[in-house]
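Asks: File work_19.txt below, compact mmCIF, C-alpha atoms and all ligand atoms:
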```
# COMPACT_ATOMS: atom_id res chain seq x y z
CA MET G 12 21.29 11.34 22.65
CA SER G 13 24.15 10.60 20.25
CA VAL G 14 23.26 8.43 17.27
CA ALA G 15 26.72 6.82 17.62
CA THR G 16 25.84 5.15 20.95
CA ASN G 17 24.80 1.53 21.12
CA LEU G 18 22.00 1.31 23.65
CA LEU G 19 21.64 -2.42 23.86
CA ARG G 20 24.22 -5.15 24.14
CA LEU G 21 23.27 -8.53 22.66
CA PRO G 22 24.36 -11.65 24.57
CA PRO G 23 27.31 -13.55 23.02
CA LEU G 24 26.13 -15.05 19.72
CA PRO G 25 27.83 -16.89 16.88
CA SER G 26 28.84 -14.38 14.16
CA THR G 27 26.57 -14.00 11.11
CA LYS G 28 29.37 -15.55 9.05
CA ASP G 29 29.43 -18.64 11.30
CA LEU G 30 25.63 -18.92 11.15
CA ILE G 31 25.69 -18.80 7.36
CA ARG G 32 28.16 -21.69 7.44
CA LEU G 33 26.29 -23.59 10.16
CA TYR G 34 22.91 -23.42 8.43
CA LYS G 35 24.44 -23.76 4.94
CA LEU G 36 22.81 -20.49 3.82
CA ARG G 37 24.31 -20.28 0.36
CA ALA G 38 23.36 -16.97 -1.32
CA LEU G 39 20.69 -17.65 -3.95
CA ARG G 40 21.35 -16.06 -7.30
CA GLN G 41 17.63 -16.05 -8.23
CA LEU G 42 16.92 -13.85 -5.17
CA SER G 43 20.02 -11.68 -5.90
CA GLN G 44 21.30 -12.30 -2.39
CA ASN G 45 24.50 -10.50 -1.37
CA PHE G 46 25.26 -10.40 2.32
CA LEU G 47 26.95 -7.70 4.35
CA LEU G 48 29.05 -9.16 7.15
CA ASP G 49 31.09 -6.15 8.27
CA GLU G 50 29.56 -4.71 11.42
CA ARG G 51 31.11 -1.28 10.82
CA ILE G 52 29.19 -1.03 7.52
CA THR G 53 25.88 -2.32 8.89
CA ASP G 54 26.21 0.10 11.85
CA LYS G 55 26.85 2.92 9.37
CA ILE G 56 23.68 2.07 7.41
CA VAL G 57 21.65 2.17 10.60
CA ARG G 58 23.28 5.46 11.66
CA ALA G 59 22.20 6.91 8.30
CA ALA G 60 18.59 6.32 9.40
CA GLY G 61 19.10 8.76 12.32
CA LEU G 62 17.63 8.22 15.77
CA ILE G 63 15.65 4.99 15.94
CA HIS G 64 15.63 4.45 19.71
CA ASP G 65 12.03 3.75 20.78
CA HIS G 66 10.87 3.75 17.15
CA ILE G 67 9.11 0.96 15.31
CA VAL G 68 11.50 -0.15 12.59
CA CYS G 69 10.67 -2.37 9.65
CA GLU G 70 13.69 -4.03 8.08
CA VAL G 71 13.11 -5.33 4.58
CA GLY G 72 15.12 -8.38 3.52
CA PRO G 73 17.10 -9.06 6.72
CA GLY G 74 18.64 -12.26 5.29
CA PRO G 75 20.92 -13.81 7.94
CA GLY G 76 20.50 -10.70 10.10
CA SER G 77 23.62 -8.55 10.15
CA ILE G 78 21.81 -5.20 9.68
CA THR G 79 19.18 -6.60 12.07
CA ARG G 80 21.85 -6.85 14.79
CA SER G 81 22.90 -3.24 14.19
CA ILE G 82 19.26 -2.13 14.46
CA ILE G 83 18.70 -4.11 17.69
CA ARG G 84 21.76 -2.47 19.28
CA LYS G 85 20.00 0.90 18.87
CA ALA G 86 17.11 -0.37 21.04
CA PRO G 87 14.05 0.36 18.93
CA LYS G 88 10.69 -0.22 20.59
CA LYS G 89 9.80 -2.91 18.07
CA LEU G 90 11.52 -4.38 15.03
CA ILE G 91 9.55 -6.01 12.22
CA VAL G 92 11.63 -7.99 9.74
CA VAL G 93 10.09 -9.02 6.41
CA GLU G 94 12.07 -11.72 4.62
CA LYS G 95 11.02 -13.65 1.54
CA ASP G 96 13.41 -16.56 1.97
CA PRO G 97 12.26 -18.93 4.79
CA ARG G 98 15.78 -20.43 5.09
CA PHE G 99 16.68 -17.42 7.27
CA LEU G 100 14.05 -18.19 9.92
CA PRO G 101 16.44 -20.01 12.34
CA THR G 102 19.02 -17.18 12.33
CA LEU G 103 16.30 -14.57 12.80
CA GLU G 104 14.71 -16.63 15.60
CA LEU G 105 18.08 -16.74 17.33
CA LEU G 106 18.13 -12.93 17.33
CA GLN G 107 14.50 -12.84 18.45
CA GLU G 108 15.39 -14.98 21.45
CA ALA G 109 18.55 -12.97 22.20
CA CYS G 110 16.71 -9.63 22.41
CA SER G 111 13.41 -10.88 23.83
CA ASN G 112 13.93 -9.13 27.21
CA HIS G 113 14.38 -5.76 25.54
CA LEU G 114 12.27 -5.50 22.43
CA GLU G 115 9.74 -7.29 20.28
CA LEU G 116 11.21 -8.78 17.12
CA ASP G 117 8.35 -9.68 14.80
CA ILE G 118 9.46 -12.04 12.02
CA GLN G 119 7.36 -12.03 8.86
CA ILE G 120 8.23 -14.52 6.14
CA GLY G 121 6.84 -13.11 2.90
CA ASP G 122 7.18 -10.51 0.19
CA ILE G 123 7.58 -6.92 1.37
CA ARG G 124 5.27 -5.84 -1.46
CA GLU G 125 2.43 -7.65 0.28
CA TYR G 126 3.22 -6.54 3.82
CA ASN G 127 0.44 -4.60 5.55
CA PHE G 128 2.09 -1.60 7.24
CA GLU G 129 -1.23 -0.30 8.52
CA SER G 130 -1.45 -3.30 10.87
CA GLY G 131 2.31 -3.57 11.56
CA PHE G 132 2.51 0.06 12.71
CA ALA G 133 -1.01 0.13 14.21
CA GLU G 134 0.17 0.97 17.75
CA THR G 135 1.70 4.26 16.51
CA PRO G 136 -0.67 7.23 16.61
CA LYS G 137 -1.28 8.80 13.20
CA GLN G 138 0.43 12.17 12.94
CA CYS G 139 -0.35 15.24 10.94
CA TRP G 140 1.65 15.28 7.70
CA HIS G 141 3.32 18.59 8.57
CA ASP G 142 4.60 17.34 11.94
CA HIS G 143 8.06 15.88 12.39
CA PRO G 144 8.42 12.40 10.86
CA PRO G 145 6.72 9.79 13.07
CA PRO G 146 8.79 7.33 15.18
CA LEU G 147 8.75 4.83 12.31
CA ASN G 148 11.55 3.79 9.95
CA LEU G 149 11.96 1.55 6.94
CA ILE G 150 15.48 0.18 6.52
CA GLY G 151 16.71 -2.34 4.00
CA ASN G 152 19.42 -3.77 1.83
CA LEU G 153 17.31 -5.34 -0.88
CA PRO G 154 18.19 -6.80 -4.27
CA PHE G 155 18.49 -3.93 -6.77
CA ASN G 156 15.55 -5.01 -8.93
CA VAL G 157 13.30 -5.14 -5.88
CA SER G 158 14.46 -1.82 -4.37
CA THR G 159 13.98 0.18 -7.58
CA ASN G 160 10.52 -1.27 -8.13
CA LEU G 161 9.68 -0.81 -4.46
CA ILE G 162 10.66 2.84 -4.34
CA ILE G 163 8.20 3.65 -7.12
CA ARG G 164 5.41 1.83 -5.26
CA TRP G 165 6.38 3.57 -2.05
CA LEU G 166 6.51 7.00 -3.71
CA LYS G 167 2.96 6.35 -4.85
CA SER G 168 1.95 5.50 -1.27
CA VAL G 169 3.78 8.65 -0.05
CA SER G 170 1.80 10.73 -2.58
CA GLU G 171 -1.46 9.14 -1.38
CA ARG G 172 -0.44 9.20 2.32
CA LYS G 173 -1.34 5.54 2.60
CA SER G 174 0.30 2.37 3.94
CA ALA G 175 3.43 3.28 6.01
CA TRP G 176 2.68 6.96 5.22
CA ALA G 177 -0.81 6.92 6.72
CA PHE G 178 1.10 7.63 9.98
CA GLY G 179 2.98 10.67 8.69
CA ARG G 180 6.27 11.24 6.87
CA THR G 181 7.91 7.86 7.57
CA LYS G 182 11.61 7.91 6.65
CA MET G 183 13.25 5.30 4.40
CA THR G 184 16.90 4.17 4.37
CA LEU G 185 17.55 1.84 1.46
CA THR G 186 20.35 0.55 -0.74
CA PHE G 187 20.44 0.87 -4.52
CA GLN G 188 22.91 0.18 -7.26
CA LYS G 189 25.26 3.18 -7.01
CA GLU G 190 24.21 4.55 -10.43
CA VAL G 191 20.54 4.40 -9.40
CA ALA G 192 21.37 6.22 -6.14
CA GLU G 193 23.12 8.92 -8.20
CA ARG G 194 20.08 9.25 -10.47
CA MET G 195 17.74 9.60 -7.53
CA VAL G 196 19.60 12.66 -6.22
CA ALA G 197 20.66 14.15 -9.61
CA THR G 198 19.75 17.82 -9.76
CA VAL G 199 18.85 19.80 -12.87
CA THR G 200 21.44 19.61 -15.71
CA HIS G 201 23.30 16.73 -14.03
CA LYS G 202 24.21 14.01 -16.51
CA GLN G 203 22.38 11.39 -14.42
CA ARG G 204 19.17 13.45 -14.25
CA CYS G 205 16.23 11.28 -15.35
CA ARG G 206 12.57 10.67 -14.56
CA LEU G 207 13.48 8.74 -11.39
CA SER G 208 15.30 11.90 -10.11
CA VAL G 209 12.20 14.01 -10.69
CA MET G 210 9.76 11.46 -9.26
CA CYS G 211 11.82 11.10 -6.05
CA GLN G 212 12.41 14.83 -5.63
CA LEU G 213 8.78 15.87 -6.17
CA TRP G 214 7.77 14.05 -2.99
CA CYS G 215 10.91 13.50 -0.93
CA ASP G 216 14.10 14.98 0.38
CA VAL G 217 16.57 12.46 -1.07
CA LYS G 218 20.16 12.01 0.14
CA HIS G 219 22.86 9.69 -1.15
CA LYS G 220 24.56 9.17 2.20
CA PHE G 221 27.54 7.02 1.19
CA THR G 222 28.70 4.28 -1.14
CA ILE G 223 29.57 0.71 -0.14
CA PRO G 224 32.15 -0.93 -2.41
CA GLY G 225 30.94 -4.15 -4.04
CA ARG G 226 33.80 -6.05 -2.38
CA ALA G 227 32.12 -5.57 1.04
CA PHE G 228 29.38 -8.06 0.03
CA LEU G 229 29.39 -11.83 -0.04
CA PRO G 230 29.23 -12.82 -2.86
CA LYS G 231 30.60 -9.65 -4.45
CA PRO G 232 28.12 -7.99 -6.88
CA ASP G 233 29.42 -6.42 -10.11
CA VAL G 234 28.55 -2.93 -8.91
CA ASP G 235 29.00 -0.64 -5.91
CA VAL G 236 26.03 0.16 -3.71
CA GLY G 237 24.60 3.53 -2.65
CA VAL G 238 22.83 4.06 0.67
CA VAL G 239 19.97 6.52 0.18
CA THR G 240 17.61 8.16 2.66
CA LEU G 241 14.24 9.49 1.59
CA THR G 242 12.18 11.71 3.88
CA PRO G 243 8.78 12.73 2.50
CA LEU G 244 8.51 16.50 2.06
CA SER G 245 6.10 18.25 4.37
CA ASN G 246 5.05 20.28 1.32
CA PRO G 247 5.34 18.00 -1.71
CA LEU G 248 6.00 19.95 -4.91
CA VAL G 249 2.97 18.41 -6.53
CA LYS G 250 -0.40 17.35 -5.15
CA LEU G 251 -1.87 15.54 -8.12
CA PRO G 252 -2.59 11.84 -8.76
CA PHE G 253 0.64 9.85 -8.96
CA ASP G 254 -0.26 8.21 -12.29
CA LEU G 255 -0.88 11.58 -13.94
CA VAL G 256 2.48 12.90 -12.72
CA GLU G 257 4.29 9.73 -13.78
CA ARG G 258 2.68 10.00 -17.23
CA VAL G 259 3.79 13.61 -17.79
CA ILE G 260 7.36 12.98 -16.66
CA ARG G 261 7.67 9.76 -18.67
CA HIS G 262 6.53 11.53 -21.85
CA VAL G 263 8.73 14.61 -21.39
CA PHE G 264 11.80 12.42 -20.76
CA ASN G 265 10.96 10.27 -23.74
CA MET G 266 13.43 12.10 -25.98
CA ARG G 267 16.25 12.97 -23.63
CA GLN G 268 18.45 14.87 -26.07
CA LYS G 269 15.61 16.70 -27.84
CA ALA G 270 13.67 19.83 -26.89
CA SER G 271 11.19 18.85 -24.15
CA ARG G 272 8.28 19.90 -26.31
CA ARG G 273 8.94 16.89 -28.55
CA GLY G 274 8.29 14.36 -25.79
CA GLY G 275 5.64 16.49 -24.04
CA ALA G 276 3.60 16.82 -27.27
CA CYS G 277 3.21 13.02 -27.38
CA LEU G 278 0.81 13.33 -24.44
CA PHE G 279 -1.74 14.50 -27.02
CA PRO G 280 -3.35 12.87 -30.07
CA PRO G 281 -1.80 13.88 -33.43
CA GLU G 282 -4.52 16.37 -34.35
CA LEU G 283 -3.98 18.38 -31.12
CA ARG G 284 -0.27 17.76 -30.69
CA GLU G 285 1.07 20.97 -32.23
CA GLU G 286 -1.34 23.26 -30.40
CA LEU G 287 -1.44 21.55 -26.99
CA GLY G 288 2.26 20.67 -27.01
CA LEU G 289 3.02 24.40 -26.93
CA LYS G 290 0.16 25.28 -24.62
CA LEU G 291 1.41 22.72 -22.06
CA PHE G 292 4.69 24.61 -21.71
CA ARG G 293 3.14 28.07 -21.98
CA ILE G 294 0.73 27.51 -19.09
CA ALA G 295 3.63 26.06 -17.03
CA ASP G 296 5.83 29.07 -17.88
CA THR G 297 8.58 26.62 -18.87
CA ASP G 298 10.93 26.81 -21.85
CA TYR G 299 9.78 24.19 -24.36
CA ARG G 300 13.24 24.25 -26.01
CA ALA G 301 15.01 23.03 -22.85
CA ARG G 302 16.04 19.39 -22.86
CA PRO G 303 14.29 17.27 -20.19
CA PHE G 304 17.33 17.17 -17.88
CA GLU G 305 17.46 21.01 -18.00
CA ILE G 306 13.98 21.34 -16.49
CA THR G 307 13.84 21.92 -12.73
CA THR G 308 11.70 19.81 -10.43
CA GLU G 309 9.47 22.85 -9.75
CA GLU G 310 8.98 23.31 -13.52
CA PHE G 311 8.04 19.64 -13.82
CA ALA G 312 5.46 20.20 -11.08
CA ARG G 313 4.03 23.12 -13.08
CA LEU G 314 3.95 20.99 -16.26
CA CYS G 315 1.89 18.40 -14.35
CA TYR G 316 -0.60 21.08 -13.25
CA SER G 317 -0.68 22.44 -16.78
CA TYR G 318 -1.44 18.94 -18.15
CA ALA G 319 -4.16 18.46 -15.49
CA SER G 320 -5.82 21.74 -16.55
CA LEU G 321 -5.63 20.71 -20.24
CA CYS G 322 -7.28 17.39 -19.32
CA ASN G 323 -10.15 19.36 -17.81
CA GLU G 324 -10.44 21.50 -20.89
CA TYR G 325 -10.09 18.62 -23.39
CA PRO G 326 -11.46 15.48 -21.62
CA GLU G 327 -10.75 13.37 -24.71
CA ILE G 328 -6.97 13.58 -24.14
CA GLN G 329 -7.07 11.89 -20.73
CA ASP G 330 -6.92 8.33 -22.00
CA TYR G 331 -4.76 9.03 -25.02
CA ASP G 332 -1.65 6.86 -25.17
CA PHE G 333 0.60 7.41 -28.14
CA ARG G 334 2.35 4.16 -27.46
CA ALA G 335 -0.25 1.48 -26.90
CA PRO G 336 0.46 -1.11 -25.58
CA LYS G 337 1.95 0.97 -22.82
CA LYS G 338 5.67 0.99 -22.20
CA LYS G 339 6.61 -0.76 -18.97
CA VAL G 340 6.96 1.78 -16.19
CA PHE G 341 10.37 1.90 -14.49
CA VAL G 342 12.69 -1.00 -14.98
CA ALA G 343 15.79 -1.38 -12.80
CA GLY G 344 18.92 -0.01 -14.45
CA GLU G 345 16.90 1.72 -17.17
CA GLU G 346 17.67 5.22 -18.57
N1 LIG M 401 20.04 -7.63 4.71
C1 LIG M 401 20.95 -8.72 4.44
C2 LIG M 401 22.36 -8.21 4.39
O1 LIG M 401 22.54 -6.99 4.19
O2 LIG M 401 23.30 -9.01 4.53
C3 LIG M 401 20.59 -9.45 3.14
C4 LIG M 401 20.67 -8.61 1.91
S1 LIG M 401 20.29 -9.45 0.40
C5 LIG M 401 20.94 -8.27 -0.77
C6 LIG M 401 18.57 -9.14 0.15
C7 LIG M 401 17.62 -9.91 1.05
O3 LIG M 401 16.29 -9.54 0.68
C8 LIG M 401 17.71 -11.41 0.92
O4 LIG M 401 17.69 -11.99 2.18
C9 LIG M 401 16.46 -11.77 0.11
O5 LIG M 401 15.99 -13.09 0.39
C10 LIG M 401 15.49 -10.71 0.58
N2 LIG M 401 14.41 -10.41 -0.38
C11 LIG M 401 14.47 -10.41 -1.73
N3 LIG M 401 13.31 -10.03 -2.26
C12 LIG M 401 12.48 -9.77 -1.21
C13 LIG M 401 11.12 -9.35 -1.11
N4 LIG M 401 10.41 -9.11 -2.21
N5 LIG M 401 10.58 -9.20 0.11
C14 LIG M 401 11.32 -9.45 1.23
N6 LIG M 401 12.61 -9.85 1.19
C15 LIG M 401 13.18 -10.02 0.00
```
Could you take the file, read its structure, and then write that structure out as structure tokens?
Ligand code: SAM

Replies:
Amino acid sequence: MSVATNLLRLPPLPSTKDLIRLYKLRALRQLSQNFLLDERITDKIVRAAGLIHDHIVCEVGPGPGSITRSIIRKAPKKLIVVEKDPRFLPTLELLQEACSNHLELDIQIGDIREYNFESGFAETPKQCWHDHPPPLNLIGNLPFNVSTNLIIRWLKSVSERKSAWAFGRTKMTLTFQKEVAERMVATVTHKQRCRLSVMCQLWCDVKHKFTIPGRAFLPKPDVDVGVVTLTPLSNPLVKLPFDLVERVIRHVFNMRQKASRRGGACLFPPELREELGLKLFRIADTDYRARPFEITTEEFARLCYSYASLCNEYPEIQDYDFRAPKKKVFVAGEE
């Protein structure tokens, strides 16, 4: 079946633009709301998710519902929308009513970070991780601060095969500030390569599908927007606890323009730094003189295993933090 086909026709409805006017849904700056009203763009986002017919789709932050309409037209089995702002309930209920003969539209007013995917997706059988991705999709155009924070949480759940990933390799299609999208896919030596690139690529196949110009949104944000898909790898490059991996990558990237050994050595207390800083790279068979952005994702995986083996050998290093209180982990627009 072609992904370009619309499988379901909605009955005549007021346009999203008219509904925004009718219900006086002014975009709230504190929730970083920017609406997409062009159907060609919302259709393109949904096409980027691939086949969703008969899938259970969770849309995060539907707002007045323009991407929601594009999803409905693809006739998923069930659509769950999770929206923090209750002002959008009437417009979402209108869509719920309009598609009620064809699919279940489950409206959840709340924060996506608290949504329980295990119950939302419960009717889907759990698949083996190595199978094809399950018939589940996460799609969303969220505020940038939320989507960057969310992707780190979700990568952790991917690594633990929990939440939406208890069912298998659930695919994500999300929007990010264009620069963040570029960082997520940046390969070794690329100028945008950073710890977010490595974290994403250790666990997922990441694609920057296309860019939406800022002028397509209402109100217009200061930046352009990248649409990114993430499909969990059937063989993740690393199978270690997420926090350990995050710790190693954060330290190595700490001094971006310096030899990686400089940042990596800070994983260890001063008295062991010289010795273990070198040993970390030696065990990983990785050049300690390379700058962090010159280290491949596979080498980063080996550095994580090397650090894990050093933690076994020297248990006292496990809780060492050269920068207490700890630096905040991942802030939107950082690096
Ligand atoms: N999807 C709509 C569109 O493309 O026109 C709205 C996009 S707007 C950038 C982001 C939406 O996410 C808003 O409706 C906002 O209220 C909602 N939102 C923000 N933070 C959220 C959160 N933590 N959980 C769920 N929804 C959230």

Asks: Output the neighbourhood of ligand LIG 401 (chain M) as a PDB file with C-alpha atoms, in the frame of the given file, that is, all protein and nucleic acid residues with some atom at most 7 Å from the ligand, counting only C-alpha atoms and all ligand atoms.

Replies:
```pdb
ATOM      1  CA  LEU G  42      16.920 -13.850  -5.170  1.00  0.00           C
ATOM      2  CA  SER G  43      20.020 -11.680  -5.900  1.00  0.00           C
ATOM      3  CA  GLN G  44      21.300 -12.300  -2.390  1.00  0.00           C
ATOM      4  CA  ASN G  45      24.500 -10.500  -1.370  1.00  0.00           C
ATOM      5  CA  PHE G  46      25.260 -10.400   2.320  1.00  0.00           C
ATOM      6  CA  LEU G  47      26.950  -7.700   4.350  1.00  0.00           C
ATOM      7  CA  LEU G  48      29.050  -9.160   7.150  1.00  0.00           C
ATOM      8  CA  VAL G  71      13.110  -5.330   4.580  1.00  0.00           C
ATOM      9  CA  GLY G  72      15.120  -8.380   3.520  1.00  0.00           C
ATOM     10  CA  PRO G  73      17.100  -9.060   6.720  1.00  0.00           C
ATOM     11  CA  GLY G  74      18.640 -12.260   5.290  1.00  0.00           C
ATOM     12  CA  PRO G  75      20.920 -13.810   7.940  1.00  0.00           C
ATOM     13  CA  GLY G  76      20.500 -10.700  10.100  1.00  0.00           C
ATOM     14  CA  SER G  77      23.620  -8.550  10.150  1.00  0.00           C
ATOM     15  CA  ILE G  78      21.810  -5.200   9.680  1.00  0.00           C
ATOM     16  CA  VAL G  93      10.090  -9.020   6.410  1.00  0.00           C
ATOM     17  CA  GLU G  94      12.070 -11.720   4.620  1.00  0.00           C
ATOM     18  CA  LYS G  95      11.020 -13.650   1.540  1.00  0.00           C
ATOM     19  CA  ASP G  96      13.410 -16.560   1.970  1.00  0.00           C
ATOM     20  CA  GLY G 121       6.840 -13.110   2.900  1.00  0.00           C
ATOM     21  CA  ASP G 122       7.180 -10.510   0.190  1.00  0.00           C
ATOM     22  CA  ILE G 123       7.580  -6.920   1.370  1.00  0.00           C
ATOM     23  CA  ARG G 124       5.270  -5.840  -1.460  1.00  0.00           C
ATOM     24  CA  GLY G 151      16.710  -2.340   4.000  1.00  0.00           C
ATOM     25  CA  ASN G 152      19.420  -3.770   1.830  1.00  0.00           C
ATOM     26  CA  LEU G 153      17.310  -5.340  -0.880  1.00  0.00           C
ATOM     27  CA  PRO G 154      18.190  -6.800  -4.270  1.00  0.00           C
ATOM     28  CA  VAL G 157      13.300  -5.140  -5.880  1.00  0.00           C
TER      29      VAL G 157
END
```

Asks: Excluding same-chain residues fewer than 3 positions from Cys315 (chain G), what lies within 10 Å of it counting only C-alpha atoms, as a ChimeraX atom specification?

Replies: /G:249-252,255-260,291,295,309-312,318-321

Asks: Quick one: residues within 9 Å of region 204-221 of chain G, only C-alpha atoms counted, chain neighbours fewer than 5 positions away excluded, as a PyMOL selection string?

Replies: chain G and resi 56+59+162-163+166+169-170+191-199+236-249+256-257+260-261+263-264+267+303-305+307-309+311-312+341+346

Asks: Around all the atoms of region 46-57 of chain G listed in the file, draw an axis-aligned box and extend it by 5 Å on each of the six sides; I want its centre and edge lengths in Å to one decimal, as lines of an AutoDock Vina configuration file.

Replies:
```
center_x = 26.4
center_y = -3.7
center_z = 7.1
size_x = 19.5
size_y = 23.3
size_z = 19.5
```

Asks: Point out the residue among G:Pro326, G:Pro136, G:Pro22, G:Gly288 with the least atom-to-atom distance to Ser271 (chain G), counting all atoms listed in the file.

Replies: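 Counting all atoms listed in the file, the residue closest to Ser271 (chain G) is G:Gly288.
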
Asks: Which of these, G:Gln329, G:Thr297, G:Thr53, G:Thr16, has the shortest distance to Thr186 (chain G) once you count all atoms listed in the file?

Replies: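 Nearest to Thr186 (chain G): G:Thr53.
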
Asks: Considering all atoms listed in the file, can you say which of G:Cys69, G:Leu278, G:Leu100, G:Leu19 comes closest to Ile31 (chain G)?

Replies: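 When distances to Ile31 (chain G) are compared using all atoms listed in the file, the smallest one comes from G:Leu100.
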
Asks: Kindly extract all protein, DNA and RNA residues lying within 8 Å of the coordinates (11.9, 11.2, -26.9) given in the file, considering only C-alpha atoms, and supply them as number ranges by chain.

Replies: G: 262-269, 273-274

Asks: Need the shell around Lys89 (chain G): protein/DNA/RNA residues with any atom at most 12 Å away, counting all atoms listed in the file. Skip same-chain ones fewer than 5 positions apart. Format as a PyMOL selection string?

Replies: chain G and resi 63-70+79+82-83+107+110-118+131-135+146-148

Asks: What is the distance between CA of Ala60 (chain G) and CA of Lys182 (chain G), in Å to one decimal?

Replies: 7.7 Å

Asks: Using the incomplete input, complete region 329-335 of chain G to the level of all heavy atoms; output as an mmCIF file, in the frame of the given file.

Replies:
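Output contents, as saved in selection-v1.cif:
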```
data_model
loop_
_atom_site.group_PDB
_atom_site.id
_atom_site.type_symbol
_atom_site.label_atom_id
_atom_site.label_comp_id
_atom_site.auth_asym_id
_atom_site.auth_seq_id
_atom_site.Cartn_x
_atom_site.Cartn_y
_atom_site.Cartn_z
ATOM 1 N N GLN G 329 -7.461 12.571 -21.964
ATOM 2 C CA GLN G 329 -7.070 11.890 -20.730
ATOM 3 C C GLN G 329 -6.593 10.462 -20.940
ATOM 4 O O GLN G 329 -5.643 10.021 -20.306
ATOM 5 C CB GLN G 329 -8.258 11.858 -19.763
ATOM 6 C CG GLN G 329 -8.375 13.154 -19.027
ATOM 7 C CD GLN G 329 -9.544 13.151 -18.081
ATOM 8 O OE1 GLN G 329 -9.801 12.152 -17.426
ATOM 9 N NE2 GLN G 329 -10.252 14.250 -18.014
ATOM 10 N N ASP G 330 -7.271 9.739 -21.829
ATOM 11 C CA ASP G 330 -6.920 8.330 -22.000
ATOM 12 C C ASP G 330 -6.022 8.110 -23.214
ATOM 13 O O ASP G 330 -5.738 6.974 -23.578
ATOM 14 C CB ASP G 330 -8.197 7.484 -22.161
ATOM 15 C CG ASP G 330 -9.063 7.591 -20.931
ATOM 16 O OD1 ASP G 330 -8.476 7.625 -19.833
ATOM 17 O OD2 ASP G 330 -10.303 7.687 -21.073
ATOM 18 N N TYR G 331 -5.575 9.201 -23.809
ATOM 19 C CA TYR G 331 -4.760 9.030 -25.020
ATOM 20 C C TYR G 331 -3.386 8.462 -24.653
ATOM 21 O O TYR G 331 -2.717 8.935 -23.732
ATOM 22 C CB TYR G 331 -4.592 10.357 -25.764
ATOM 23 C CG TYR G 331 -3.652 10.192 -26.932
ATOM 24 C CD1 TYR G 331 -4.048 9.490 -28.062
ATOM 25 C CD2 TYR G 331 -2.340 10.673 -26.869
ATOM 26 C CE1 TYR G 331 -3.179 9.265 -29.108
ATOM 27 C CE2 TYR G 331 -1.464 10.466 -27.914
ATOM 28 C CZ TYR G 331 -1.884 9.755 -29.032
ATOM 29 O OH TYR G 331 -1.012 9.530 -30.044
ATOM 30 N N ASP G 332 -2.979 7.430 -25.379
ATOM 31 C CA ASP G 332 -1.650 6.860 -25.170
ATOM 32 C C ASP G 332 -1.015 6.671 -26.528
ATOM 33 O O ASP G 332 -1.466 5.851 -27.313
ATOM 34 C CB ASP G 332 -1.752 5.536 -24.415
ATOM 35 C CG ASP G 332 -0.393 5.055 -23.946
ATOM 36 O OD1 ASP G 332 0.625 5.578 -24.439
ATOM 37 O OD2 ASP G 332 -0.357 4.156 -23.096
ATOM 38 N N PHE G 333 0.024 7.453 -26.788
ATOM 39 C CA PHE G 333 0.600 7.410 -28.140
ATOM 40 C C PHE G 333 1.355 6.104 -28.383
ATOM 41 O O PHE G 333 1.717 5.790 -29.484
ATOM 42 C CB PHE G 333 1.491 8.632 -28.380
ATOM 43 C CG PHE G 333 2.938 8.456 -28.033
ATOM 44 C CD1 PHE G 333 3.897 8.376 -29.030
ATOM 45 C CD2 PHE G 333 3.359 8.395 -26.711
ATOM 46 C CE1 PHE G 333 5.239 8.238 -28.720
ATOM 47 C CE2 PHE G 333 4.680 8.260 -26.395
ATOM 48 C CZ PHE G 333 5.628 8.177 -27.394
ATOM 49 N N ARG G 334 1.572 5.367 -27.316
ATOM 50 C CA ARG G 334 2.350 4.160 -27.460
ATOM 51 C C ARG G 334 1.607 2.969 -26.868
ATOM 52 O O ARG G 334 2.029 2.388 -25.878
ATOM 53 C CB ARG G 334 3.660 4.325 -26.720
ATOM 54 C CG ARG G 334 4.817 3.802 -27.490
ATOM 55 C CD ARG G 334 6.011 3.886 -26.622
ATOM 56 N NE ARG G 334 7.059 4.626 -27.303
ATOM 57 C CZ ARG G 334 8.247 4.777 -26.812
ATOM 58 N NH1 ARG G 334 8.552 4.317 -25.643
ATOM 59 N NH2 ARG G 334 9.157 5.443 -27.495
ATOM 60 N N ALA G 335 0.440 2.662 -27.412
ATOM 61 C CA ALA G 335 -0.250 1.480 -26.900
ATOM 62 C C ALA G 335 0.323 0.262 -27.633
ATOM 63 O O ALA G 335 0.557 0.348 -28.847
ATOM 64 C CB ALA G 335 -1.743 1.606 -27.174
#
```
